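S.K.: So that you have it, the file is protein.txt, and it contains compact mmCIF, C-alpha atoms:
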```txt
# COMPACT_ATOMS: atom_id res chain seq x y z
CA MET M 1296 129.76 96.74 32.30
CA ALA M 1297 126.18 95.45 32.50
CA PHE M 1298 127.16 93.29 35.52
CA SER M 1299 128.75 96.28 37.23
CA HIS M 1300 125.64 98.39 36.60
CA LEU M 1301 123.38 95.69 38.05
CA THR M 1302 125.64 95.32 41.06
CA ARG M 1303 125.41 99.02 41.83
CA ARG M 1304 121.64 98.96 41.47
CA ALA M 1305 121.38 95.88 43.65
CA THR M 1306 123.60 97.47 46.28
CA LEU M 1307 121.43 100.58 46.30
CA ALA M 1308 118.27 98.47 46.61
CA LEU M 1309 119.70 96.49 49.50
CA GLY M 1310 120.67 99.70 51.26
CA LEU M 1311 117.14 101.05 50.92
CA MET M 1312 115.76 97.77 52.24
CA ALA M 1313 118.08 97.94 55.25
CA LEU M 1314 116.93 101.48 56.04
CA SER M 1315 113.29 100.44 55.79
CA ALA M 1316 113.93 97.69 58.33
CA LEU M 1317 114.81 100.25 60.99
CA PRO M 1318 112.01 101.39 63.38
CA PHE M 1319 109.80 103.50 61.14
CA GLY M 1320 110.89 107.09 61.24
CA SER M 1321 112.38 106.70 64.72
CA THR M 1322 115.07 109.33 64.28
CA ALA M 1323 112.78 111.78 62.53
CA LEU M 1324 110.06 111.11 65.08
CA ALA M 1325 112.42 111.86 67.96
CA GLN M 1326 113.64 115.07 66.31
CA GLY M 1327 110.08 116.29 65.83
CA PHE M 1328 108.72 114.85 69.06
CA PRO M 1329 106.43 116.04 70.39
CA ASP M 1330 104.39 117.99 67.90
CA ARG M 1331 101.07 117.66 69.71
CA PRO M 1332 99.85 117.22 73.32
CA ILE M 1333 100.78 114.12 75.29
CA THR M 1334 98.24 112.26 77.41
CA LEU M 1335 99.49 111.13 80.81
CA VAL M 1336 97.08 108.49 82.10
CA VAL M 1337 96.67 108.33 85.86
CA PRO M 1338 94.96 104.99 86.60
CA PHE M 1339 93.31 106.29 89.79
CA ALA M 1340 90.81 108.97 90.75
CA ALA M 1341 91.72 112.64 90.89
CA GLY M 1342 93.02 113.94 94.22
CA GLY M 1343 95.00 110.89 95.31
CA SER M 1344 98.75 110.79 95.76
CA THR M 1345 99.43 109.41 92.27
CA ASP M 1346 97.30 112.14 90.72
CA VAL M 1347 99.07 114.87 92.70
CA VAL M 1348 102.53 113.65 91.65
CA ALA M 1349 101.40 113.38 88.02
CA ARG M 1350 100.12 116.96 87.90
CA ILE M 1351 103.25 118.38 89.52
CA VAL M 1352 105.54 116.59 87.05
CA ALA M 1353 103.31 117.09 84.00
CA GLN M 1354 103.38 120.86 84.35
CA LYS M 1355 107.18 121.03 84.25
CA MET M 1356 107.50 118.41 81.52
CA SER M 1357 105.14 120.51 79.39
CA GLU M 1358 107.46 123.50 79.71
CA ASP M 1359 110.47 121.48 78.58
CA LEU M 1360 108.75 119.58 75.77
CA GLY M 1361 106.97 122.60 74.33
CA GLU M 1362 103.67 120.72 74.25
CA GLN M 1363 101.09 120.15 76.96
CA VAL M 1364 101.26 116.95 79.00
CA ILE M 1365 97.59 116.49 79.86
CA VAL M 1366 96.67 114.37 82.88
CA GLN M 1367 93.75 112.03 82.23
CA ASN M 1368 92.29 110.06 85.14
CA VAL M 1369 91.16 106.57 84.08
CA ALA M 1370 90.21 104.94 87.38
CA GLY M 1371 88.94 101.41 87.84
CA ALA M 1372 89.96 97.84 88.65
CA GLY M 1373 92.62 98.94 91.12
CA GLY M 1374 94.59 100.76 88.44
CA ASN M 1375 94.36 98.01 85.83
CA LEU M 1376 91.91 99.82 83.55
CA GLY M 1377 94.15 102.80 82.93
CA ALA M 1378 97.31 100.71 82.71
CA ASP M 1379 95.74 98.36 80.19
CA ASN M 1380 94.58 101.32 78.09
CA VAL M 1381 98.17 102.54 77.84
CA ALA M 1382 99.53 99.06 77.12
CA ARG M 1383 97.17 98.92 74.10
CA ALA M 1384 97.83 102.48 72.92
CA ASP M 1385 99.87 103.37 69.84
CA PRO M 1386 103.59 103.15 70.73
CA ASP M 1387 104.39 106.69 69.65
CA GLY M 1388 104.98 108.44 72.98
CA TYR M 1389 101.74 110.40 72.93
CA THR M 1390 100.01 108.19 75.50
CA ILE M 1391 102.00 107.38 78.64
CA LEU M 1392 101.21 106.00 82.08
CA MET M 1393 101.85 107.07 85.64
CA GLY M 1394 102.52 103.59 86.95
CA THR M 1395 102.74 102.48 90.57
CA VAL M 1396 103.62 99.49 92.71
CA ALA M 1397 99.98 98.45 92.24
CA THR M 1398 99.95 98.51 88.44
CA HIS M 1399 103.41 97.02 87.93
CA ALA M 1400 103.96 94.66 90.86
CA LEU M 1401 100.96 93.81 93.01
CA ASN M 1402 98.06 93.60 90.55
CA PRO M 1403 99.92 91.32 88.12
CA LEU M 1404 100.65 88.96 91.01
CA ILE M 1405 97.19 89.05 92.56
CA LEU M 1406 94.83 88.91 89.60
CA LYS M 1407 93.81 85.50 88.27
CA THR M 1408 93.22 87.00 84.83
CA LYS M 1409 96.08 89.29 83.91
CA PRO M 1410 95.19 91.98 81.34
CA TYR M 1411 98.82 92.86 80.65
CA ASP M 1412 102.41 91.87 81.41
CA PRO M 1413 104.08 94.59 83.51
CA GLU M 1414 107.46 94.01 81.87
CA LYS M 1415 106.71 92.94 78.30
CA ASP M 1416 103.85 95.34 77.54
CA PHE M 1417 105.53 98.58 78.61
CA ALA M 1418 108.62 100.62 77.80
CA PRO M 1419 110.02 102.05 81.06
CA ILE M 1420 110.71 105.79 80.99
CA ALA M 1421 111.71 106.97 84.49
CA LEU M 1422 111.18 106.26 88.17
CA LEU M 1423 110.02 109.57 89.63
CA VAL M 1424 109.38 109.43 93.37
CA VAL M 1425 108.80 107.12 96.30
CA VAL M 1426 106.15 107.96 98.89
CA PRO M 1427 106.49 106.43 102.36
CA ASN M 1428 103.77 104.42 104.00
CA VAL M 1429 103.36 104.85 107.73
CA LEU M 1430 102.34 102.53 110.55
CA VAL M 1431 99.77 104.40 112.63
CA VAL M 1432 97.70 103.44 115.66
CA ASN M 1433 94.88 104.94 117.63
CA PRO M 1434 96.39 106.96 120.53
CA GLU M 1435 94.47 104.82 123.04
CA LEU M 1436 96.39 101.71 122.01
CA PRO M 1437 99.06 101.08 124.68
CA ALA M 1438 101.94 101.09 122.21
CA LYS M 1439 104.12 104.14 121.77
CA ASN M 1440 106.65 102.45 119.47
CA VAL M 1441 107.10 99.37 117.30
CA ALA M 1442 108.70 97.32 120.09
CA GLU M 1443 105.67 97.87 122.34
CA LEU M 1444 103.30 97.02 119.49
CA LEU M 1445 105.16 93.77 118.81
CA ALA M 1446 104.96 92.90 122.50
CA LEU M 1447 101.18 93.42 122.44
CA LEU M 1448 100.74 91.33 119.31
CA LYS M 1449 102.84 88.48 120.64
CA ALA M 1450 101.11 88.51 124.05
CA LYS M 1451 97.62 88.40 122.51
CA PRO M 1452 98.02 87.04 118.98
CA ASP M 1453 94.30 86.78 118.17
CA GLU M 1454 93.08 90.05 119.65
CA TYR M 1455 94.30 92.80 117.32
CA SER M 1456 93.39 93.79 113.78
CA TYR M 1457 94.66 96.28 111.24
CA ALA M 1458 92.85 98.30 108.60
CA SER M 1459 93.80 98.90 104.98
CA SER M 1460 92.35 100.57 101.91
CA GLY M 1461 91.29 97.21 100.47
CA ASN M 1462 92.27 93.65 99.63
CA GLY M 1463 95.42 93.39 97.55
CA THR M 1464 96.36 97.05 97.91
CA PRO M 1465 99.91 98.15 98.76
CA LEU M 1466 98.72 99.06 102.26
CA HIS M 1467 97.23 95.60 102.81
CA LEU M 1468 100.41 93.90 101.68
CA SER M 1469 102.54 96.25 103.77
CA GLY M 1470 100.70 94.78 106.75
CA GLU M 1471 101.19 91.24 105.52
CA LEU M 1472 104.91 91.81 105.05
CA PHE M 1473 105.09 93.27 108.58
CA LYS M 1474 103.38 90.16 109.99
CA LYS M 1475 105.64 87.84 108.02
CA MET M 1476 108.91 89.51 109.01
CA ALA M 1477 107.95 90.14 112.65
CA GLY M 1478 106.37 86.73 113.23
CA VAL M 1479 103.13 88.17 114.59
CA SER M 1480 99.44 87.78 113.86
CA MET M 1481 96.82 90.44 113.09
CA GLN M 1482 93.44 90.16 111.41
CA HIS M 1483 93.17 92.20 108.23
CA ILE M 1484 90.10 94.46 107.93
CA PRO M 1485 89.77 95.72 104.34
CA TYR M 1486 87.89 98.93 103.53
CA LYS M 1487 86.77 100.52 100.28
CA GLY M 1488 89.46 103.17 100.31
CA ALA M 1489 91.86 104.74 102.77
CA GLY M 1490 89.40 107.42 103.92
CA PRO M 1491 86.89 105.08 105.57
CA ALA M 1492 89.71 103.02 107.05
CA LEU M 1493 91.32 106.11 108.58
CA ASN M 1494 88.00 107.20 110.06
CA ASP M 1495 87.59 103.88 111.86
CA VAL M 1496 91.15 103.91 113.19
CA ILE M 1497 90.66 107.45 114.48
CA GLY M 1498 87.36 106.29 116.01
CA ASN M 1499 89.14 103.26 117.53
CA GLN M 1500 86.95 100.69 115.78
CA VAL M 1501 90.22 99.24 114.42
CA PRO M 1502 93.41 100.10 116.34
CA ILE M 1503 96.15 99.77 113.68
CA MET M 1504 96.66 100.78 110.05
CA PHE M 1505 99.24 101.06 107.33
CA ASP M 1506 98.56 104.20 105.29
CA ASN M 1507 100.25 106.54 102.81
CA LEU M 1508 102.08 109.16 104.83
CA PRO M 1509 100.54 112.14 102.95
CA SER M 1510 96.97 111.13 103.80
CA SER M 1511 97.78 110.47 107.48
CA SER M 1512 100.07 113.44 108.07
CA SER M 1513 97.40 115.94 109.16
CA HIS M 1514 95.94 113.43 111.63
CA ILE M 1515 99.40 112.68 113.03
CA LYS M 1516 100.05 116.39 113.53
CA ALA M 1517 96.62 116.82 115.15
CA GLY M 1518 97.26 113.93 117.55
CA THR M 1519 94.29 111.86 116.41
CA LEU M 1520 96.71 109.21 115.14
CA ARG M 1521 100.05 108.11 116.57
CA ALA M 1522 102.80 107.37 114.06
CA LEU M 1523 104.97 104.48 115.17
CA ALA M 1524 107.22 104.20 112.10
CA VAL M 1525 107.55 104.98 108.42
CA THR M 1526 108.07 102.07 106.07
CA THR M 1527 110.90 103.39 103.91
CA ALA M 1528 114.59 102.63 104.44
CA GLU M 1529 115.21 106.23 105.54
CA ARG M 1530 113.18 108.56 107.72
CA ALA M 1531 110.74 110.91 106.01
CA PRO M 1532 112.00 114.53 105.92
CA SER M 1533 108.51 115.75 106.85
CA PHE M 1534 108.55 113.63 110.05
CA PRO M 1535 112.22 113.35 111.03
CA ASP M 1536 111.43 112.16 114.56
CA VAL M 1537 109.45 109.14 113.38
CA PRO M 1538 111.77 106.12 113.01
CA THR M 1539 111.70 103.58 110.21
CA VAL M 1540 110.21 100.15 110.80
CA ALA M 1541 113.66 98.68 110.15
CA GLU M 1542 115.43 100.74 112.79
CA ALA M 1543 112.52 100.28 115.21
CA GLY M 1544 112.89 96.54 115.36
CA ILE M 1545 112.34 94.74 112.02
CA PRO M 1546 115.62 94.92 110.07
CA GLY M 1547 115.24 94.83 106.31
CA TYR M 1548 111.60 95.87 106.28
CA GLU M 1549 110.86 98.35 103.52
CA THR M 1550 107.70 99.21 101.61
CA TYR M 1551 106.58 102.33 99.85
CA THR M 1552 104.40 103.62 97.10
CA TRP M 1553 106.29 104.64 93.98
CA ASN M 1554 105.39 106.54 90.86
CA ALA M 1555 107.02 106.00 87.49
CA LEU M 1556 106.40 106.81 83.84
CA PHE M 1557 105.83 104.07 81.26
CA ALA M 1558 105.08 104.10 77.55
CA PRO M 1559 103.59 101.25 75.52
CA ALA M 1560 106.04 98.55 74.46
CA ASN M 1561 107.83 99.21 71.16
CA THR M 1562 107.84 102.98 71.61
CA PRO M 1563 110.93 104.18 69.68
CA GLN M 1564 113.97 104.49 71.91
CA PRO M 1565 114.67 108.11 70.92
CA VAL M 1566 111.14 109.07 72.01
CA VAL M 1567 111.59 107.24 75.33
CA ALA M 1568 114.92 109.04 75.77
CA ARG M 1569 113.29 112.44 75.15
CA LEU M 1570 110.54 111.73 77.69
CA ASN M 1571 113.13 110.49 80.18
CA GLU M 1572 115.14 113.70 79.71
CA ALA M 1573 112.07 115.87 80.31
CA ALA M 1574 110.99 113.89 83.37
CA ASN M 1575 114.40 113.99 85.04
CA LYS M 1576 114.72 117.70 84.27
CA ALA M 1577 111.34 118.31 85.90
CA LEU M 1578 112.47 116.49 89.06
CA LYS M 1579 115.42 118.90 89.40
CA ASP M 1580 113.23 122.00 89.30
CA PRO M 1581 113.32 123.84 92.67
CA ALA M 1582 109.54 124.32 92.69
CA VAL M 1583 108.98 120.60 92.08
CA ILE M 1584 111.48 119.68 94.79
CA GLU M 1585 109.64 121.89 97.28
CA ARG M 1586 106.20 120.55 96.33
CA MET M 1587 107.38 116.95 96.65
CA LYS M 1588 108.90 117.68 100.03
CA GLU M 1589 105.61 119.14 101.24
CA PHE M 1590 103.93 116.00 99.95
CA SER M 1591 106.37 113.70 101.83
CA ALA M 1592 107.60 112.27 98.52
CA THR M 1593 111.28 111.50 97.93
CA ILE M 1594 112.54 112.35 94.45
CA VAL M 1595 114.46 109.55 92.73
CA GLY M 1596 114.88 109.97 88.97
CA SER M 1597 116.30 107.17 86.85
CA THR M 1598 117.22 105.83 83.43
CA PRO M 1599 114.78 103.52 81.62
CA ASP M 1600 117.03 100.55 82.40
CA GLU M 1601 117.07 101.42 86.10
CA LEU M 1602 113.27 101.54 86.13
CA ALA M 1603 113.11 98.16 84.38
CA ALA M 1604 115.39 96.70 87.07
CA HIS M 1605 113.23 98.29 89.77
CA VAL M 1606 110.07 96.65 88.41
CA LYS M 1607 111.81 93.28 88.27
CA ALA M 1608 113.00 93.66 91.88
CA GLU M 1609 109.53 94.68 93.07
CA LEU M 1610 107.95 91.63 91.45
CA ALA M 1611 110.54 89.39 93.12
CA LYS M 1612 109.99 91.06 96.50
CA TRP M 1613 106.20 90.84 96.52
CA THR M 1614 105.76 87.38 95.00
CA PRO M 1615 106.32 85.44 98.28
CA VAL M 1616 104.25 87.95 100.27
CA VAL M 1617 101.26 87.57 97.95
CA ARG M 1618 101.70 83.79 97.93
CA ASP M 1619 101.93 83.47 101.72
CA ALA M 1620 98.96 85.78 102.26
CA ASN M 1621 96.99 83.75 99.71
CA VAL M 1622 95.70 86.89 98.03
CA GLN M 1623 93.95 86.19 94.74
CA MET M 1624 91.33 88.31 93.02
CA ASP M 1625 89.22 87.88 89.89
```
Would you write out, as structure tokens, the structure that this file holds?
M.R.:
Amino acid sequence: MAFSHLTRRATLALGLMALSALPFGSTALAQGFPDRPITLVVPFAAGGSTDVVARIVAQKMSEDLGEQVIVQNVAGAGGNLGADNVARADPDGYTILMGTVATHALNPLILKTKPYDPEKDFAPIALLVVVPNVLVVNPELPAKNVAELLALLKAKPDEYSYASSGNGTPLHLSGELFKKMAGVSMQHIPYKGAGPALNDVIGNQVPIMFDNLPSSSSHIKAGTLRALAVTTAERAPSFPDVPTVAEAGIPGYETYTWNALFAPANTPQPVVARLNEAANKALKDPAVIERMKEFSATIVGSTPDELAAHVKAELAKWTPVVRDANVQMD
């Protein structure tokens, strides 16, 4: 009888030990999550495309979650400062990141000292939207389409330059990918931001630029810039007459800016699932759909696993471009 009693006690103890080995309170945490405001870190300054997308989505997520999702801009180091802050945050779902192609593909490839691992240090939540880039030229440039631009570049390979928002930015590397796939040469002129670069293209100091479509759209409509092609696989709904780079002469070319939500690594799966549910629900809201359309953003939505696969594919895509362009930054 004593043996039987000890066996029962031992069995009970082992069961309690097994329960304690599970992620601490993960089920209870998910059931009560959230019970306070969530901070959504935008790793860039207020007013940019990433910030706009974050605020649109955060408002609707707040309604579904029953707690405020508060956007906090933590700009610096090309997005690395804010991303690193989230990577080091408590993995409880109350601090999340609006990640981009810069934070989760380009910066990790370009920086000599890497503050975080884009795959190991984050728990993917959901891919939200993709925002097209656009190839624009000054209207005085004698190229009304991509074919004519390629002819110019091949006829005078050392004469033309293109502007971007800075070294190692998605817009810079969009130009480098264009050069690589088209077999042409252009000198890269980096600026401290897209605004100054746009001003010089409009003023014809530099004739060519790759830019985010939202920031160029008003200039395209005004005729101060000519749009030759968008960089996504499909045409942008806001500019249906502008072809893609791929259909205009460089098959397979595709670049874009994307926005996605990430939590710190080791965030409990039920919490990630709840955030994913709220994010995807927000993307289906008619008001959000309309705002994103106005902003030239294409809504995607995804599972956490699909976002993880997307990050892996982006790293694979940009690795040879960064290597061939010899882009390295401290």
S.K.: Using all atoms listed in the file, collect all residues at a distance of at most 10 Å from (101.8, 87.9, 115.4) as written in the file, then present them as an NGL selection string.
M.R.: :M and (1445-1455 or 1473-1482)
S.K.: Only C-alpha atoms, please: the residues just picked out, written as a short mmCIF file (atom, residue, chain, number, x, y, z; two decimals), in the coordinates of the input.
M.R.:
```
data_model
loop_
_atom_site.label_atom_id
_atom_site.label_comp_id
_atom_site.auth_asym_id
_atom_site.auth_seq_id
_atom_site.Cartn_x
_atom_site.Cartn_y
_atom_site.Cartn_z
CA LEU M 1445 105.16 93.77 118.81
CA ALA M 1446 104.96 92.90 122.50
CA LEU M 1447 101.18 93.42 122.44
CA LEU M 1448 100.74 91.33 119.31
CA LYS M 1449 102.84 88.48 120.64
CA ALA M 1450 101.11 88.51 124.05
CA LYS M 1451 97.62 88.40 122.51
CA PRO M 1452 98.02 87.04 118.98
CA ASP M 1453 94.30 86.78 118.17
CA GLU M 1454 93.08 90.05 119.65
CA TYR M 1455 94.30 92.80 117.32
CA PHE M 1473 105.09 93.27 108.58
CA LYS M 1474 103.38 90.16 109.99
CA LYS M 1475 105.64 87.84 108.02
CA MET M 1476 108.91 89.51 109.01
CA ALA M 1477 107.95 90.14 112.65
CA GLY M 1478 106.37 86.73 113.23
CA VAL M 1479 103.13 88.17 114.59
CA SER M 1480 99.44 87.78 113.86
CA MET M 1481 96.82 90.44 113.09
CA GLN M 1482 93.44 90.16 111.41
#
```
S.K.: Which residue out of M:Glu1609, M:Asp1412, M:Glu1435, M:Asp1495 has the minimum interatomic distance to Trp1553 in chain M when all atoms listed in the file are used?
M.R.: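 Closest residue, counting all atoms listed in the file: M:Glu1609.
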S.K.: Using all atoms listed in the file for the distances, tell me which of M:Lys1439, M:Arg1569, M:Arg1521, M:His1483 is nearest to Pro1599 in chain M.
M.R.: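 Looking at the shortest contact to Pro1599 in chain M, the residue is M:Arg1569.
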S.K.: Suppose you want the space between CA of Ile1584 in chain M and CA of Val1352 in chain M; what is it in Å?
M.R.: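 Separation between CA of Ile1584 in chain M and CA of Val1352 in chain M: 10.2 Å.
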S.K.: Taking into account all atoms listed in the file, which residue in the set M:Asp1379, M:Asn1554, M:Gln1326, M:Met1356 is nearest to Lys1579 in chain M?
M.R.: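 So, comparing all the options, the nearest one is M:Met1356.
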S.K.: Pick the closest to Phe1339 in chain M from M:Gly1327, M:Pro1581, M:Gly1361, M:Gly1488: which is it, counting all atoms listed in the file?
M.R.: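 Result for the nearest residue to Phe1339 in chain M: M:Gly1488.
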S.K.: Between CA of Ile1515 in chain M and CA of Val1431 in chain M, what distance in Å does the model show, to one decimal?
M.R.: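 Result for CA of Ile1515 in chain M versus CA of Val1431 in chain M: 8.3 Å, one decimal.
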S.K.: Using all atoms listed in the file, determine which residues lie at most 12 Å from Ala1421 in chain M, disregarding the query and same-chain residues fewer than 4 positions distant; provide the list as an NGL selection string.
M.R.: :M and (1352 or 1391-1395 or 1417 or 1553-1558 or 1567-1578 or 1594-1606)
